[in-house]
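A short write-up of the structure that comes next.
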Amino acid sequence: MLVNGAGMVSTGATLAIIIAAKFLSGAWIVLIIIPGLVALFSGIKRHYLRIAQEVGAAMDLQVWKVRPLSLVIPMESWNRISERALRMAVGISSDITVLHVTPFDDEGPLRQIWADRVEKPARQSAAVVPRLEIIHSPYRLFFDPIMDFLKKEKQDKPDNLIGVVIPELVEPRWWEYLLHNNFAAGLKAMLLLHGGERVVVISSPWYLHGGGGNPQIAVLPAK
């Protein structure tokens with residue numbers, strides 16, 4: 001202990017002499033960098049400790065906290081990707097709303113397609129009949145109408161969790177993502193940042209050239 005103390009004092013004295021002698025020659029940078037690094041590493045440590053304290057404590061399964069789940073599926077058009085997402089949703093909830101945001105005033109053929117290809121087969125098989133909501137967004141805003149709809153859902157269903165099932169195309173090659181918009185990734189980020197604790201994000205990927213199979217589900221709790 002005595003030797004360590006003496007070494008610390010001598011090292012500190014040497015550092016002070018060097019800084020005083022070379023201060024104007026650039027030693028002042030040390031006085032900025034070293035405290036800055038100490039503050040940075042201390043902040044990182046506090047961050048990890050805070051997360052460990054908040055999520056690390058194990059507890060019994062709180063079954064009494066389970067809430068009903070209402071699902072919302074943003075849908076660009078009726079295709080195989082949205083069909084798979086809806087098929088998955090029917091298996092996990094009885095409260096399903098499919099949300100279509102369009103810049104056009106008319107609904108086009110979507111309402112009739114929905115009646116023929118979704119509502120009719122669902123009724124014939126005695127399955128859940130999903131609802132179709134069409135929102136007109138004349139300024140081609142897509143994220144804002146979805147977030148506004150989710151806000152209203154949370155107000156109308158205060159006891160429910162709101163799950164957002166995002167149909168997304170998974171490309172086999174990285175450069176192919178440059179040929180498509182990143183709507184799914186952008187919506188995920190928006191939901192995780194602004195959705196709130198009652199919103200969960202469910203990814204329903206469609207793998208190109210992957211062939212059928214069951215959808216792989218990744219559930220991400222929104223912050």
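Residue names in the structure tokens use chain letters A, B, ... in the order shown, residue numbers from 1 in each chain, and ligand numbers from 1 in the order shown.
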Using backbone DSSP assignments, extract all alpha helix (DSSP H) residues from segment 1-99 of chain A; output them as a compact mmCIF listing (two decimals) with N, CA and C atoms, in the first residue's frame.
```txt
# COMPACT_ATOMS: atom_id res chain seq x y z
N LEU A 2 1.90 1.24 0.82
CA LEU A 2 2.80 2.39 0.91
C LEU A 2 3.52 2.62 -0.41
N VAL A 3 3.96 1.51 -1.02
CA VAL A 3 4.67 1.62 -2.31
C VAL A 3 3.72 2.15 -3.39
N ASN A 4 2.50 1.65 -3.41
CA ASN A 4 1.52 2.13 -4.39
C ASN A 4 1.22 3.61 -4.21
N GLY A 5 1.10 4.03 -2.94
CA GLY A 5 0.84 5.45 -2.67
C GLY A 5 1.99 6.33 -3.13
N ALA A 6 3.21 5.87 -2.86
CA ALA A 6 4.37 6.65 -3.30
C ALA A 6 4.44 6.73 -4.81
N GLY A 7 4.12 5.63 -5.50
CA GLY A 7 4.13 5.64 -6.96
C GLY A 7 3.08 6.57 -7.52
N MET A 8 1.91 6.60 -6.89
CA MET A 8 0.85 7.48 -7.35
C MET A 8 1.25 8.95 -7.20
N VAL A 9 1.86 9.27 -6.06
CA VAL A 9 2.27 10.65 -5.81
C VAL A 9 3.34 11.08 -6.80
N SER A 10 4.33 10.22 -7.02
CA SER A 10 5.41 10.57 -7.94
C SER A 10 4.91 10.68 -9.38
N THR A 11 4.01 9.81 -9.77
CA THR A 11 3.45 9.88 -11.12
C THR A 11 2.64 11.15 -11.29
N GLY A 12 1.84 11.50 -10.29
CA GLY A 12 1.05 12.72 -10.35
C GLY A 12 1.93 13.96 -10.41
N ALA A 13 3.02 13.96 -9.62
CA ALA A 13 3.93 15.10 -9.63
C ALA A 13 4.62 15.25 -10.99
N THR A 14 5.01 14.10 -11.55
CA THR A 14 5.64 14.14 -12.87
C THR A 14 4.69 14.68 -13.93
N LEU A 15 3.46 14.22 -13.89
CA LEU A 15 2.45 14.69 -14.84
C LEU A 15 2.23 16.18 -14.69
N ALA A 16 2.15 16.67 -13.46
CA ALA A 16 1.92 18.09 -13.23
C ALA A 16 3.08 18.93 -13.77
N ILE A 17 4.32 18.45 -13.57
CA ILE A 17 5.49 19.18 -14.06
C ILE A 17 5.49 19.24 -15.59
N ILE A 18 5.19 18.10 -16.21
CA ILE A 18 5.18 18.05 -17.69
C ILE A 18 4.12 18.98 -18.25
N ILE A 19 2.93 18.96 -17.64
CA ILE A 19 1.84 19.81 -18.12
C ILE A 19 2.20 21.28 -17.96
N ALA A 20 2.79 21.62 -16.80
CA ALA A 20 3.16 23.02 -16.57
C ALA A 20 4.24 23.48 -17.54
N ALA A 21 5.21 22.60 -17.84
CA ALA A 21 6.31 22.98 -18.71
C ALA A 21 5.90 23.02 -20.18
N LYS A 22 4.97 22.14 -20.55
CA LYS A 22 4.60 22.02 -21.97
C LYS A 22 3.16 22.47 -22.24
N TRP A 28 -2.12 21.16 -22.93
CA TRP A 28 -3.47 21.50 -22.48
C TRP A 28 -4.53 20.53 -23.03
N ILE A 29 -4.17 19.91 -24.17
CA ILE A 29 -5.12 18.95 -24.75
C ILE A 29 -5.38 17.79 -23.79
N VAL A 30 -4.31 17.38 -23.07
CA VAL A 30 -4.45 16.28 -22.11
C VAL A 30 -5.48 16.62 -21.04
N LEU A 31 -5.52 17.90 -20.62
CA LEU A 31 -6.46 18.31 -19.58
C LEU A 31 -7.91 18.26 -20.06
N ILE A 32 -8.10 18.22 -21.38
CA ILE A 32 -9.45 18.13 -21.93
C ILE A 32 -9.81 16.68 -22.24
N ILE A 33 -8.86 15.97 -22.89
CA ILE A 33 -9.16 14.61 -23.35
C ILE A 33 -9.36 13.64 -22.19
N ILE A 34 -8.44 13.66 -21.22
CA ILE A 34 -8.51 12.67 -20.13
C ILE A 34 -9.78 12.84 -19.30
N PRO A 35 -10.10 14.05 -18.80
CA PRO A 35 -11.37 14.17 -18.07
C PRO A 35 -12.58 13.84 -18.94
N GLY A 36 -12.50 14.18 -20.24
CA GLY A 36 -13.60 13.85 -21.14
C GLY A 36 -13.80 12.35 -21.26
N LEU A 37 -12.70 11.60 -21.40
CA LEU A 37 -12.80 10.15 -21.49
C LEU A 37 -13.32 9.55 -20.19
N VAL A 38 -12.87 10.09 -19.06
CA VAL A 38 -13.34 9.60 -17.76
C VAL A 38 -14.86 9.82 -17.64
N ALA A 39 -15.30 11.02 -18.05
CA ALA A 39 -16.73 11.31 -17.98
C ALA A 39 -17.52 10.41 -18.94
N LEU A 40 -16.97 10.17 -20.13
CA LEU A 40 -17.65 9.31 -21.11
C LEU A 40 -17.79 7.89 -20.58
N PHE A 41 -16.70 7.31 -20.08
CA PHE A 41 -16.75 5.93 -19.58
C PHE A 41 -17.63 5.82 -18.34
N SER A 42 -17.62 6.86 -17.51
CA SER A 42 -18.50 6.84 -16.33
C SER A 42 -19.96 6.87 -16.75
N GLY A 43 -20.28 7.67 -17.79
CA GLY A 43 -21.64 7.71 -18.29
C GLY A 43 -22.08 6.38 -18.87
N ILE A 44 -21.18 5.72 -19.61
CA ILE A 44 -21.50 4.41 -20.17
C ILE A 44 -21.76 3.39 -19.06
N LYS A 45 -20.94 3.44 -18.03
CA LYS A 45 -21.13 2.51 -16.90
C LYS A 45 -22.47 2.75 -16.22
N ARG A 46 -22.82 4.03 -16.01
CA ARG A 46 -24.11 4.34 -15.38
C ARG A 46 -25.25 3.85 -16.25
N HIS A 47 -25.09 3.95 -17.59
CA HIS A 47 -26.13 3.48 -18.52
C HIS A 47 -26.37 1.98 -18.35
N TYR A 48 -25.29 1.20 -18.35
CA TYR A 48 -25.44 -0.25 -18.21
C TYR A 48 -26.00 -0.62 -16.84
N LEU A 49 -25.58 0.08 -15.79
CA LEU A 49 -26.09 -0.21 -14.46
C LEU A 49 -27.59 0.09 -14.37
N ARG A 50 -28.01 1.20 -15.02
CA ARG A 50 -29.43 1.56 -14.99
C ARG A 50 -30.28 0.51 -15.70
N ILE A 51 -29.81 0.04 -16.86
CA ILE A 51 -30.55 -0.98 -17.60
C ILE A 51 -30.61 -2.28 -16.81
N ALA A 52 -29.47 -2.68 -16.23
CA ALA A 52 -29.44 -3.92 -15.45
C ALA A 52 -30.37 -3.84 -14.26
N GLN A 53 -30.45 -2.66 -13.64
CA GLN A 53 -31.32 -2.49 -12.48
C GLN A 53 -32.79 -2.54 -12.87
N GLU A 54 -33.11 -2.03 -14.07
CA GLU A 54 -34.51 -1.96 -14.48
C GLU A 54 -35.04 -3.27 -15.04
N VAL A 55 -34.23 -4.00 -15.80
CA VAL A 55 -34.73 -5.20 -16.48
C VAL A 55 -34.11 -6.50 -15.98
N ARG A 80 -49.73 -11.30 -51.53
CA ARG A 80 -49.32 -12.47 -50.74
C ARG A 80 -48.68 -12.06 -49.42
N ILE A 81 -47.99 -10.93 -49.44
CA ILE A 81 -47.31 -10.49 -48.21
C ILE A 81 -48.35 -10.10 -47.16
N SER A 82 -49.35 -9.31 -47.57
CA SER A 82 -50.37 -8.90 -46.60
C SER A 82 -51.27 -10.08 -46.22
N GLU A 83 -51.49 -11.02 -47.14
CA GLU A 83 -52.28 -12.20 -46.81
C GLU A 83 -51.62 -13.02 -45.72
N ARG A 84 -50.30 -13.18 -45.81
CA ARG A 84 -49.60 -13.95 -44.78
C ARG A 84 -49.67 -13.25 -43.44
N ALA A 85 -49.49 -11.93 -43.44
CA ALA A 85 -49.56 -11.18 -42.18
C ALA A 85 -50.95 -11.31 -41.56
N LEU A 86 -51.99 -11.24 -42.38
CA LEU A 86 -53.35 -11.35 -41.87
C LEU A 86 -53.63 -12.77 -41.37
N ARG A 87 -53.12 -13.76 -42.08
CA ARG A 87 -53.31 -15.15 -41.66
C ARG A 87 -52.68 -15.39 -40.28
N MET A 88 -51.51 -14.80 -40.07
CA MET A 88 -50.87 -14.93 -38.78
C MET A 88 -51.67 -14.22 -37.70
N ALA A 89 -52.19 -13.02 -38.03
CA ALA A 89 -52.95 -12.24 -37.05
C ALA A 89 -54.21 -12.96 -36.61
N VAL A 90 -54.89 -13.62 -37.54
CA VAL A 90 -56.12 -14.36 -37.21
C VAL A 90 -55.85 -15.44 -36.17
```
Inset, instruction - Enumerate, as a PyMOL selection string, the complete set of residues in segment 149-203 of chain A that a backbone-based DSSP assignment places in strand (DSSP E or B). - result: chain A and resi 161-170+199-203
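Residues in contact with Leu150 of chain A at up to 12 Å, not including ones fewer than 5 positions away on its chain and judged by only C-alpha atoms, are Ser70, Leu71, Val72, Ile73, Pro74, Thr97, Val98, Leu99, Phe143, Asp144, Pro145, Gln155, Asp156, Lys157, Pro158, Asn160, Leu161, Ile162, Gly163, Val164, Met190, Leu191, His194, Gly195, Gly196, Arg198, Val199 and Val200 of chain A.
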How about saving the chosen residues, N, CA and C atoms kept, as a PDB file, in the first residue's frame?
```pdb
ATOM      1  N   SER A  70     -55.215  -6.246 -29.299  1.00  0.00           N
ATOM      2  CA  SER A  70     -55.857  -5.763 -30.525  1.00  0.00           C
ATOM      3  C   SER A  70     -54.766  -5.568 -31.573  1.00  0.00           C
ATOM      4  N   LEU A  71     -55.009  -6.062 -32.778  1.00  0.00           N
ATOM      5  CA  LEU A  71     -53.993  -6.003 -33.827  1.00  0.00           C
ATOM      6  C   LEU A  71     -54.372  -5.000 -34.903  1.00  0.00           C
ATOM      7  N   VAL A  72     -53.372  -4.268 -35.360  1.00  0.00           N
ATOM      8  CA  VAL A  72     -53.520  -3.335 -36.474  1.00  0.00           C
ATOM      9  C   VAL A  72     -52.480  -3.723 -37.523  1.00  0.00           C
ATOM     10  N   ILE A  73     -52.923  -3.866 -38.778  1.00  0.00           N
ATOM     11  CA  ILE A  73     -52.018  -4.264 -39.861  1.00  0.00           C
ATOM     12  C   ILE A  73     -52.013  -3.181 -40.930  1.00  0.00           C
ATOM     13  N   PRO A  74     -50.960  -2.376 -41.038  1.00  0.00           N
ATOM     14  CA  PRO A  74     -50.863  -1.436 -42.158  1.00  0.00           C
ATOM     15  C   PRO A  74     -50.693  -2.222 -43.458  1.00  0.00           C
ATOM     16  N   THR A  97     -57.738  -5.077 -37.150  1.00  0.00           N
ATOM     17  CA  THR A  97     -58.070  -3.988 -38.061  1.00  0.00           C
ATOM     18  C   THR A  97     -56.949  -3.844 -39.076  1.00  0.00           C
ATOM     19  N   VAL A  98     -57.304  -3.900 -40.337  1.00  0.00           N
ATOM     20  CA  VAL A  98     -56.335  -3.671 -41.408  1.00  0.00           C
ATOM     21  C   VAL A  98     -56.479  -2.229 -41.865  1.00  0.00           C
ATOM     22  N   LEU A  99     -55.356  -1.532 -41.908  1.00  0.00           N
ATOM     23  CA  LEU A  99     -55.345  -0.099 -42.160  1.00  0.00           C
ATOM     24  C   LEU A  99     -54.682   0.189 -43.503  1.00  0.00           C
ATOM     25  N   PHE A 143     -46.998   7.820 -42.285  1.00  0.00           N
ATOM     26  CA  PHE A 143     -46.704   7.539 -40.886  1.00  0.00           C
ATOM     27  C   PHE A 143     -47.671   8.263 -39.949  1.00  0.00           C
ATOM     28  N   ASP A 144     -47.923   9.539 -40.221  1.00  0.00           N
ATOM     29  CA  ASP A 144     -48.773  10.323 -39.317  1.00  0.00           C
ATOM     30  C   ASP A 144     -50.191   9.765 -39.200  1.00  0.00           C
ATOM     31  N   PRO A 145     -50.852   9.405 -40.309  1.00  0.00           N
ATOM     32  CA  PRO A 145     -52.201   8.820 -40.158  1.00  0.00           C
ATOM     33  C   PRO A 145     -52.199   7.516 -39.364  1.00  0.00           C
ATOM     34  N   GLN A 155     -56.908   5.107 -26.951  1.00  0.00           N
ATOM     35  CA  GLN A 155     -57.915   5.825 -26.177  1.00  0.00           C
ATOM     36  C   GLN A 155     -59.217   5.039 -26.096  1.00  0.00           C
ATOM     37  N   ASP A 156     -59.592   4.401 -27.211  1.00  0.00           N
ATOM     38  CA  ASP A 156     -60.854   3.647 -27.244  1.00  0.00           C
ATOM     39  C   ASP A 156     -60.767   2.319 -26.494  1.00  0.00           C
ATOM     40  N   LYS A 157     -59.557   1.767 -26.392  1.00  0.00           N
ATOM     41  CA  LYS A 157     -59.361   0.467 -25.748  1.00  0.00           C
ATOM     42  C   LYS A 157     -58.282   0.585 -24.675  1.00  0.00           C
ATOM     43  N   PRO A 158     -58.583   1.267 -23.589  1.00  0.00           N
ATOM     44  CA  PRO A 158     -57.561   1.558 -22.577  1.00  0.00           C
ATOM     45  C   PRO A 158     -56.994   0.333 -21.878  1.00  0.00           C
ATOM     46  N   ASN A 160     -56.339  -2.615 -23.443  1.00  0.00           N
ATOM     47  CA  ASN A 160     -55.739  -3.518 -24.420  1.00  0.00           C
ATOM     48  C   ASN A 160     -54.306  -3.131 -24.763  1.00  0.00           C
ATOM     49  N   LEU A 161     -53.533  -4.156 -25.121  1.00  0.00           N
ATOM     50  CA  LEU A 161     -52.288  -3.920 -25.828  1.00  0.00           C
ATOM     51  C   LEU A 161     -52.615  -3.772 -27.311  1.00  0.00           C
ATOM     52  N   ILE A 162     -51.877  -2.909 -27.981  1.00  0.00           N
ATOM     53  CA  ILE A 162     -52.087  -2.692 -29.412  1.00  0.00           C
ATOM     54  C   ILE A 162     -50.871  -3.267 -30.145  1.00  0.00           C
ATOM     55  N   GLY A 163     -51.115  -4.330 -30.902  1.00  0.00           N
ATOM     56  CA  GLY A 163     -50.037  -4.931 -31.682  1.00  0.00           C
ATOM     57  C   GLY A 163     -50.104  -4.462 -33.121  1.00  0.00           C
ATOM     58  N   VAL A 164     -48.970  -4.021 -33.643  1.00  0.00           N
ATOM     59  CA  VAL A 164     -48.901  -3.577 -35.037  1.00  0.00           C
ATOM     60  C   VAL A 164     -48.132  -4.640 -35.823  1.00  0.00           C
ATOM     61  N   MET A 190     -40.489   4.431 -36.035  1.00  0.00           N
ATOM     62  CA  MET A 190     -41.473   5.377 -35.527  1.00  0.00           C
ATOM     63  C   MET A 190     -42.257   4.788 -34.354  1.00  0.00           C
ATOM     64  N   LEU A 191     -42.637   3.525 -34.469  1.00  0.00           N
ATOM     65  CA  LEU A 191     -43.418   2.885 -33.404  1.00  0.00           C
ATOM     66  C   LEU A 191     -42.588   2.683 -32.150  1.00  0.00           C
ATOM     67  N   HIS A 194     -42.058   6.267 -30.624  1.00  0.00           N
ATOM     68  CA  HIS A 194     -43.205   7.085 -30.233  1.00  0.00           C
ATOM     69  C   HIS A 194     -44.466   6.281 -29.929  1.00  0.00           C
ATOM     70  N   GLY A 195     -44.406   4.966 -30.051  1.00  0.00           N
ATOM     71  CA  GLY A 195     -45.610   4.174 -29.852  1.00  0.00           C
ATOM     72  C   GLY A 195     -46.072   4.103 -28.413  1.00  0.00           C
ATOM     73  N   GLY A 196     -45.138   4.060 -27.485  1.00  0.00           N
ATOM     74  CA  GLY A 196     -45.506   3.943 -26.081  1.00  0.00           C
ATOM     75  C   GLY A 196     -45.482   2.501 -25.600  1.00  0.00           C
ATOM     76  N   ARG A 198     -47.729   0.530 -24.504  1.00  0.00           N
ATOM     77  CA  ARG A 198     -48.851  -0.362 -24.830  1.00  0.00           C
ATOM     78  C   ARG A 198     -48.837  -0.818 -26.278  1.00  0.00           C
ATOM     79  N   VAL A 199     -47.852  -0.412 -27.034  1.00  0.00           N
ATOM     80  CA  VAL A 199     -47.757  -0.809 -28.439  1.00  0.00           C
ATOM     81  C   VAL A 199     -46.611  -1.787 -28.611  1.00  0.00           C
ATOM     82  N   VAL A 200     -46.888  -2.912 -29.263  1.00  0.00           N
ATOM     83  CA  VAL A 200     -45.844  -3.874 -29.594  1.00  0.00           C
ATOM     84  C   VAL A 200     -45.750  -3.996 -31.107  1.00  0.00           C
TER      85      VAL A 200
END
```
Legend entry - Contacts of Ala127 of chain A within 12 Å, only C-alpha atoms, excl. fewer than 2 positions in-chain, as a ChimeraX atom specification: /A:86-87,89-96,118-125,129-130
Could you write out that same residue set with N, CA and C atoms as a PDB file, in the first residue's frame?
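The result, stored in again_3.pdb:
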```pdb
ATOM      1  N   LEU A  86     -51.985 -11.239 -42.382  1.00  0.00           N
ATOM      2  CA  LEU A  86     -53.348 -11.354 -41.867  1.00  0.00           C
ATOM      3  C   LEU A  86     -53.630 -12.768 -41.374  1.00  0.00           C
ATOM      4  N   ARG A  87     -53.120 -13.757 -42.083  1.00  0.00           N
ATOM      5  CA  ARG A  87     -53.314 -15.149 -41.658  1.00  0.00           C
ATOM      6  C   ARG A  87     -52.683 -15.391 -40.283  1.00  0.00           C
ATOM      7  N   ALA A  89     -52.192 -13.024 -38.030  1.00  0.00           N
ATOM      8  CA  ALA A  89     -52.948 -12.243 -37.051  1.00  0.00           C
ATOM      9  C   ALA A  89     -54.208 -12.960 -36.610  1.00  0.00           C
ATOM     10  N   VAL A  90     -54.894 -13.625 -37.543  1.00  0.00           N
ATOM     11  CA  VAL A  90     -56.122 -14.355 -37.210  1.00  0.00           C
ATOM     12  C   VAL A  90     -55.854 -15.437 -36.169  1.00  0.00           C
ATOM     13  N   GLY A  91     -54.645 -15.968 -36.166  1.00  0.00           N
ATOM     14  CA  GLY A  91     -54.318 -17.026 -35.223  1.00  0.00           C
ATOM     15  C   GLY A  91     -54.005 -16.551 -33.821  1.00  0.00           C
ATOM     16  N   ILE A  92     -53.829 -15.234 -33.629  1.00  0.00           N
ATOM     17  CA  ILE A  92     -53.417 -14.776 -32.296  1.00  0.00           C
ATOM     18  C   ILE A  92     -54.359 -13.731 -31.687  1.00  0.00           C
ATOM     19  N   SER A  93     -55.348 -13.260 -32.443  1.00  0.00           N
ATOM     20  CA  SER A  93     -56.258 -12.257 -31.877  1.00  0.00           C
ATOM     21  C   SER A  93     -57.607 -12.324 -32.574  1.00  0.00           C
ATOM     22  N   SER A  94     -58.639 -11.899 -31.861  1.00  0.00           N
ATOM     23  CA  SER A  94     -59.980 -11.828 -32.439  1.00  0.00           C
ATOM     24  C   SER A  94     -60.374 -10.390 -32.749  1.00  0.00           C
ATOM     25  N   ASP A  95     -59.461  -9.462 -32.521  1.00  0.00           N
ATOM     26  CA  ASP A  95     -59.722  -8.043 -32.770  1.00  0.00           C
ATOM     27  C   ASP A  95     -58.658  -7.538 -33.743  1.00  0.00           C
ATOM     28  N   ILE A  96     -59.002  -7.522 -35.034  1.00  0.00           N
ATOM     29  CA  ILE A  96     -58.020  -7.215 -36.072  1.00  0.00           C
ATOM     30  C   ILE A  96     -58.556  -6.101 -36.963  1.00  0.00           C
ATOM     31  N   VAL A 118     -61.377 -11.708 -48.440  1.00  0.00           N
ATOM     32  CA  VAL A 118     -61.090 -11.769 -46.995  1.00  0.00           C
ATOM     33  C   VAL A 118     -62.360 -12.073 -46.207  1.00  0.00           C
ATOM     34  N   GLU A 119     -63.348 -11.202 -46.303  1.00  0.00           N
ATOM     35  CA  GLU A 119     -64.544 -11.370 -45.479  1.00  0.00           C
ATOM     36  C   GLU A 119     -65.302 -12.653 -45.821  1.00  0.00           C
ATOM     37  N   LYS A 120     -65.483 -12.936 -47.099  1.00  0.00           N
ATOM     38  CA  LYS A 120     -66.237 -14.132 -47.496  1.00  0.00           C
ATOM     39  C   LYS A 120     -65.553 -15.420 -47.048  1.00  0.00           C
ATOM     40  N   PRO A 121     -64.248 -15.626 -47.332  1.00  0.00           N
ATOM     41  CA  PRO A 121     -63.599 -16.856 -46.843  1.00  0.00           C
ATOM     42  C   PRO A 121     -63.591 -16.957 -45.329  1.00  0.00           C
ATOM     43  N   ALA A 122     -63.440 -15.808 -44.635  1.00  0.00           N
ATOM     44  CA  ALA A 122     -63.419 -15.837 -43.175  1.00  0.00           C
ATOM     45  C   ALA A 122     -64.760 -16.300 -42.616  1.00  0.00           C
ATOM     46  N   ARG A 123     -65.849 -15.794 -43.163  1.00  0.00           N
ATOM     47  CA  ARG A 123     -67.177 -16.203 -42.689  1.00  0.00           C
ATOM     48  C   ARG A 123     -67.455 -17.672 -43.016  1.00  0.00           C
ATOM     49  N   GLN A 124     -67.024 -18.108 -44.182  1.00  0.00           N
ATOM     50  CA  GLN A 124     -67.262 -19.497 -44.560  1.00  0.00           C
ATOM     51  C   GLN A 124     -66.542 -20.478 -43.638  1.00  0.00           C
ATOM     52  N   SER A 125     -65.399 -20.064 -43.120  1.00  0.00           N
ATOM     53  CA  SER A 125     -64.628 -20.950 -42.233  1.00  0.00           C
ATOM     54  C   SER A 125     -64.877 -20.651 -40.763  1.00  0.00           C
ATOM     55  N   VAL A 129     -63.405 -12.222 -38.620  1.00  0.00           N
ATOM     56  CA  VAL A 129     -63.549 -11.369 -39.803  1.00  0.00           C
ATOM     57  C   VAL A 129     -62.850 -10.037 -39.522  1.00  0.00           C
ATOM     58  N   PRO A 130     -61.696  -9.806 -40.120  1.00  0.00           N
ATOM     59  CA  PRO A 130     -60.966  -8.551 -39.871  1.00  0.00           C
ATOM     60  C   PRO A 130     -61.701  -7.352 -40.466  1.00  0.00           C
TER      61      PRO A 130
END
```
Inset, instruction - Could you check which of A:Leu132, A:Leu208, A:Asp60, A:Ile202 is closest to Glu176 of chain A, using only C-alpha atoms? - result: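 Answer, going by the shortest atom-to-atom distance: A:Leu208.
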